[in-house]
Amino acid sequence: MSDVEEAITRAHHDEWARVVAGLTRRFGDLDIAEEAAAEAFATAVERWPADGVPPNPGAWLTTTANRKAIDRIRRENKRDDKHREAQMTYDDPPEPVGVIDDDRLRLIFICCHPALATEARVALTLRMVGGLTVPEIARAFLVQGTTMERRITRAKAKIKAARIPYRMPSADDLPARVSGVLAVLFLVFNEGYLASGPDTDPVRHDLTTEAIRLTRLIRALLPRDGEVAGLLALMLLTEARRTARISANGELVALDEQDRGAWDAELIAEGHRLVRERLAAAAAGVAPGRYQILAAINAVHTSARDIRDTDWSQVLALYDQLVRLDPSPIIALNRAIAVAELDGPEVALAIIDRLAEALAGYHAYHATRADLLRRLGQSQQSRAAYERAIELAGNTGETAYLTRRRDQLQ
């Protein structure tokens, strides 16, 4: 990759959400914002190789995108009225927009409006704020790309038709809206933690960093919300392991093979403090939610100095608690991994084989099954499961790891 190509890729990672959010604030239209941002990046691909990378790529992209948006409005049928409105919005200072002046956070709250179905909220925000492609989002939801494209298009149309304003919700509205926002940030973080596309880095630090930043802002808005604290703790404890998760040759490093001395002690300490706060609340009778339990599971893993020191009985007890809140096949799959450590791979295999239909297109199901079959000495079946996992996995680091594991089979 050339220096210019690298600069464009980095600018897309760093600036996409900021550009789209700024355009949405100025023009009040998600379609215009997304298309103008995409055109600005396309123009950068054309011009930067010849003209050089500008000193401030973000400002260049913002200015170019604003011009593209105004050009589009001029071309529309009611161009005079729309152009005057757009020009006025573009030229005048923006009105005050709430206690937290963060365009991207406000854009998330627009996309997570209760008028939209939950899955549409998450998908739209991943596209508009996370900058994920439709195929990446479709993989996160285990659906076809065309299905996801229609879902996003309908969500944008509904926001436009309902004239949903670009602002932070009132204090009274925040609790009802925050669950959708947390779901979005969790998926943005997950895409950064284990990128699903084959054409990206295995770990996208830009996405994990942005998800953590936005979650911190929401915690400032809702300091007593247990699920906000839980999600922040979960992100911190996961991010703490980032540098140990990819080897020098780009292969994913499994938890049992990671150098725990390379984990970020400061992030782990902060995450553990948040988990202890939530455990104290639970002891006082406040039932923990999904993110708090996931954070507690990660706290158990990050408390162990070695994989052999992991308190698997505690991990399983937490998964048993989580399954009651979220009886999804993916949670059941993760629970089975803890079962394998306590009761053996044969018991765990019987559990995950019951998930075959629900998770047939999910690479982690086949990877987990391959590992259990390997431990049971069933090399031929294990190889077939590894090959299916490799076929479905988009992450380059994970593909390399699965390939090595397959090739080690006798």
# chains A, B, ... in the order shown; residues from 1 in each chain; ligands from 1

call {"tool": "residues_around", "arguments": {"residues": "Phe141 (chain A)", "least_positions_apart": "6", "cutoff": "12 Å", "atoms": "only C-alpha atoms", "output": "JSON, numbers by chain"}}
result
{"A": [119, 120, 122, 123, 126, 134, 135, 147, 148, 151, 184, 187, 191, 196, 330, 359, 361, 362]}

call {"tool": "write_last_selection", "arguments": {"atoms": "all heavy atoms", "output": "CSV table (one decimal), in the first residue's frame"}}
result
chain,number,residue,atom,x,y,z
A,119,GLU,N,-33.3,-3.6,15.6
A,119,GLU,CA,-32.3,-4.1,14.7
A,119,GLU,C,-31.9,-3.0,13.7
A,119,GLU,O,-30.8,-2.8,13.3
A,119,GLU,CB,-32.7,-5.3,14.0
A,119,GLU,CG,-32.6,-6.6,14.9
A,119,GLU,CD,-32.9,-7.9,14.1
A,119,GLU,OE1,-33.4,-7.8,13.0
A,119,GLU,OE2,-32.5,-8.9,14.7
A,120,ALA,N,-33.0,-2.2,13.3
A,120,ALA,CA,-32.7,-1.1,12.3
A,120,ALA,C,-31.9,0.0,13.0
A,120,ALA,O,-31.0,0.6,12.4
A,120,ALA,CB,-34.1,-0.5,11.9
A,122,VAL,N,-29.6,-0.4,15.3
A,122,VAL,CA,-28.2,-0.8,15.4
A,122,VAL,C,-27.5,-0.8,14.1
A,122,VAL,O,-26.4,-0.3,13.9
A,122,VAL,CB,-28.2,-2.2,16.0
A,122,VAL,CG1,-26.7,-2.8,16.0
A,122,VAL,CG2,-28.7,-2.2,17.5
A,123,ALA,N,-28.2,-1.3,13.1
A,123,ALA,CA,-27.7,-1.4,11.7
A,123,ALA,C,-27.4,0.0,11.2
A,123,ALA,O,-26.3,0.3,10.6
A,123,ALA,CB,-28.6,-2.1,10.8
A,126,LEU,N,-24.3,1.6,12.9
A,126,LEU,CA,-23.1,1.0,12.5
A,126,LEU,C,-22.6,1.5,11.2
A,126,LEU,O,-21.4,1.7,10.9
A,126,LEU,CB,-23.2,-0.5,12.4
A,126,LEU,CG,-23.4,-1.3,13.7
A,126,LEU,CD1,-23.7,-2.8,13.5
A,126,LEU,CD2,-22.1,-1.2,14.6
A,134,VAL,N,-22.0,-2.3,4.4
A,134,VAL,CA,-23.2,-3.2,4.6
A,134,VAL,C,-22.8,-4.6,4.7
A,134,VAL,O,-23.4,-5.3,5.6
A,134,VAL,CB,-24.1,-2.9,3.4
A,134,VAL,CG1,-25.3,-3.9,3.4
A,134,VAL,CG2,-24.7,-1.5,3.4
A,135,PRO,N,-21.9,-5.2,4.0
A,135,PRO,CA,-21.5,-6.6,4.2
A,135,PRO,C,-21.0,-6.8,5.6
A,135,PRO,O,-21.3,-7.9,6.2
A,135,PRO,CB,-20.4,-6.9,3.2
A,135,PRO,CG,-20.7,-5.9,2.1
A,135,PRO,CD,-21.2,-4.7,2.8
A,147,THR,N,-30.6,-8.0,2.5
A,147,THR,CA,-31.5,-7.8,3.7
A,147,THR,C,-31.1,-6.6,4.5
A,147,THR,O,-31.9,-5.7,4.9
A,147,THR,CB,-31.6,-9.0,4.5
A,147,THR,OG1,-32.0,-10.1,3.7
A,147,THR,CG2,-32.5,-8.9,5.7
A,148,MET,N,-29.8,-6.5,4.8
A,148,MET,CA,-29.3,-5.4,5.6
A,148,MET,C,-29.4,-4.1,4.9
A,148,MET,O,-29.8,-3.0,5.5
A,148,MET,CB,-27.9,-5.7,6.0
A,148,MET,CG,-27.3,-4.7,7.0
A,148,MET,SD,-28.3,-4.5,8.5
A,148,MET,CE,-28.3,-6.1,9.1
A,151,ARG,N,-32.9,-2.8,5.2
A,151,ARG,CA,-33.2,-2.4,6.6
A,151,ARG,C,-32.6,-1.0,6.8
A,151,ARG,O,-33.3,-0.2,7.5
A,151,ARG,CB,-32.5,-3.4,7.5
A,151,ARG,CG,-33.0,-3.4,8.9
A,151,ARG,CD,-32.4,-4.5,9.7
A,151,ARG,NE,-32.9,-5.8,9.4
A,151,ARG,CZ,-32.4,-7.0,9.8
A,151,ARG,NH1,-31.4,-7.0,10.7
A,151,ARG,NH2,-33.0,-8.1,9.4
A,184,VAL,N,-25.5,-0.6,20.1
A,184,VAL,CA,-24.7,-0.1,18.9
A,184,VAL,C,-23.2,0.0,19.3
A,184,VAL,O,-22.4,-0.5,18.5
A,184,VAL,CB,-25.2,1.3,18.4
A,184,VAL,CG1,-24.2,1.9,17.5
A,184,VAL,CG2,-26.6,1.1,17.8
A,187,LEU,N,-21.6,-3.4,19.4
A,187,LEU,CA,-21.3,-4.0,18.1
A,187,LEU,C,-20.1,-3.2,17.4
A,187,LEU,O,-19.3,-3.9,16.7
A,187,LEU,CB,-22.5,-4.0,17.2
A,187,LEU,CG,-23.5,-5.1,17.6
A,187,LEU,CD1,-24.8,-5.0,16.8
A,187,LEU,CD2,-22.9,-6.5,17.4
A,191,GLU,N,-16.7,-5.1,16.3
A,191,GLU,CA,-16.1,-5.1,14.9
A,191,GLU,C,-14.7,-4.6,15.0
A,191,GLU,O,-13.8,-5.1,14.2
A,191,GLU,CB,-16.9,-4.1,14.0
A,191,GLU,CG,-16.4,-4.0,12.6
A,191,GLU,CD,-16.4,-5.3,11.8
A,191,GLU,OE1,-17.2,-6.2,12.1
A,191,GLU,OE2,-15.5,-5.5,10.9
A,196,SER,N,-14.6,-8.1,10.9
A,196,SER,CA,-15.2,-9.2,10.1
A,196,SER,C,-14.8,-9.3,8.6
A,196,SER,O,-14.9,-10.3,8.0
A,196,SER,CB,-16.7,-9.2,10.2
A,196,SER,OG,-17.2,-7.9,9.7
A,330,ILE,N,-25.6,-17.7,20.6
A,330,ILE,CA,-24.2,-17.3,20.8
A,330,ILE,C,-23.8,-17.4,22.2
A,330,ILE,O,-22.7,-17.8,22.6
A,330,ILE,CB,-23.9,-15.9,20.1
A,330,ILE,CG1,-24.1,-16.0,18.6
A,330,ILE,CG2,-22.6,-15.4,20.5
A,330,ILE,CD1,-23.9,-14.7,17.9
A,359,LEU,N,-26.7,-21.7,14.3
A,359,LEU,CA,-25.4,-21.1,14.1
A,359,LEU,C,-24.7,-21.7,12.9
A,359,LEU,O,-23.4,-21.6,12.8
A,359,LEU,CB,-24.6,-21.3,15.3
A,359,LEU,CG,-25.1,-20.6,16.6
A,359,LEU,CD1,-24.2,-20.8,17.8
A,359,LEU,CD2,-25.3,-19.1,16.4
A,361,GLY,N,-24.2,-20.7,9.9
A,361,GLY,CA,-23.4,-19.8,9.2
A,361,GLY,C,-22.4,-18.9,10.0
A,361,GLY,O,-21.8,-18.0,9.5
A,362,TYR,N,-22.2,-19.3,11.3
A,362,TYR,CA,-21.4,-18.6,12.2
A,362,TYR,C,-20.0,-19.3,12.4
A,362,TYR,O,-20.0,-20.4,12.9
A,362,TYR,CB,-22.1,-18.4,13.5
A,362,TYR,CG,-21.4,-17.6,14.6
A,362,TYR,CD1,-20.8,-16.4,14.3
A,362,TYR,CD2,-21.4,-18.0,15.9
A,362,TYR,CE1,-20.2,-15.6,15.2
A,362,TYR,CE2,-20.8,-17.2,16.9
A,362,TYR,CZ,-20.2,-16.0,16.5
A,362,TYR,OH,-19.6,-15.3,17.5

call {"tool": "select_by_dssp", "arguments": {"residues": "region 168-406 of chain A", "states": "helix (DSSP H, G or I)", "output": "MDAnalysis selection string"}}
result
chainID A and resid 174:193 205:221 226:239 242:244 255:257 260:262 265:283 290:303 307:309 312:325 329:343 345:353 363:375 379:392 396:406

call {"tool": "closest_atom_pairs", "arguments": {"of": "region 247-340 of chain A", "to": "region 227-239 of chain A", "cutoff": "9 Å", "atoms": "only C-alpha atoms", "output": "tab-separated table"}}
result
residue	atom	partner	partner_atom	distance
A:Trp263	CA	A:Glu239	CA	8.8
A:Asp264	CA	A:Glu239	CA	8.1
A:Leu267	CA	A:Leu236	CA	5.6
A:Ile268	CA	A:Leu237	CA	5.3
A:Ala269	CA	A:Leu237	CA	8.6
A:Glu270	CA	A:Ala233	CA	7.4
A:Gly271	CA	A:Ala233	CA	4.3
A:His272	CA	A:Ala233	CA	7.2
A:Arg273	CA	A:Ala233	CA	8.3
A:Leu274	CA	A:Ala233	CA	5.8
A:Val275	CA	A:Ala233	CA	6.6
A:Glu277	CA	A:Ala229	CA	8.8
A:Arg278	CA	A:Gly230	CA	7.4
A:Pro288	CA	A:Glu227	CA	7.7
A:Gly289	CA	A:Glu227	CA	6.1
A:Arg290	CA	A:Glu227	CA	7.4
A:Tyr291	CA	A:Gly230	CA	5.0
A:Gln292	CA	A:Gly230	CA	4.0
A:Ile293	CA	A:Gly230	CA	7.6
A:Leu294	CA	A:Leu234	CA	6.5
A:Ala295	CA	A:Leu234	CA	4.2
A:Ala296	CA	A:Leu234	CA	7.9
A:Ile297	CA	A:Leu234	CA	8.8
A:Asn298	CA	A:Leu237	CA	6.4
A:Ala299	CA	A:Leu237	CA	7.0
A:Thr302	CA	A:Leu237	CA	7.2

call {"tool": "write_last_selection", "arguments": {"atoms": "C-alpha atoms", "output": "short mmCIF file (atom, residue, chain, number, x, y, z; two decimals), in the first residue's frame"}}
result
data_model
loop_
_atom_site.label_atom_id
_atom_site.label_comp_id
_atom_site.auth_asym_id
_atom_site.auth_seq_id
_atom_site.Cartn_x
_atom_site.Cartn_y
_atom_site.Cartn_z
CA TRP A 263 -1.88 -6.81 28.93
CA ASP A 264 -2.58 -3.18 29.85
CA LEU A 267 -7.12 -0.57 31.75
CA ILE A 268 -7.57 -3.81 33.71
CA ALA A 269 -7.48 -1.93 37.01
CA GLU A 270 -10.11 0.55 35.82
CA GLY A 271 -12.30 -2.25 34.48
CA HIS A 272 -12.02 -4.20 37.74
CA ARG A 273 -13.01 -1.09 39.74
CA LEU A 274 -16.16 -0.72 37.67
CA VAL A 275 -16.99 -4.43 38.08
CA GLU A 277 -18.90 -1.20 41.93
CA ARG A 278 -21.55 -3.22 40.12
CA PRO A 288 -27.10 -6.91 37.04
CA GLY A 289 -27.81 -6.64 33.33
CA ARG A 290 -26.21 -8.32 30.33
CA TYR A 291 -23.15 -6.06 30.01
CA GLN A 292 -22.43 -6.19 33.73
CA ILE A 293 -22.37 -10.00 33.66
CA LEU A 294 -20.15 -10.04 30.55
CA ALA A 295 -17.81 -7.60 32.29
CA ALA A 296 -17.70 -9.86 35.35
CA ILE A 297 -16.77 -12.84 33.14
CA ASN A 298 -13.94 -10.80 31.64
CA ALA A 299 -12.86 -9.76 35.13
CA THR A 302 -8.14 -10.96 33.54
#

call {"tool": "residues_around", "arguments": {"residues": "Ala336 (chain A)", "least_positions_apart": "4", "cutoff": "10 Å", "atoms": "only C-alpha atoms", "output": "PyMOL selection string"}}
result
chain A and resi 316+319+330-332+340-345+347-352+368

call {"tool": "closest_residue", "arguments": {"among": "A:Arg354, A:Ala36, A:Thr9, A:Lys156", "to": "Arg204 (chain A)", "atoms": "only C-alpha atoms"}}
result
A:Thr9
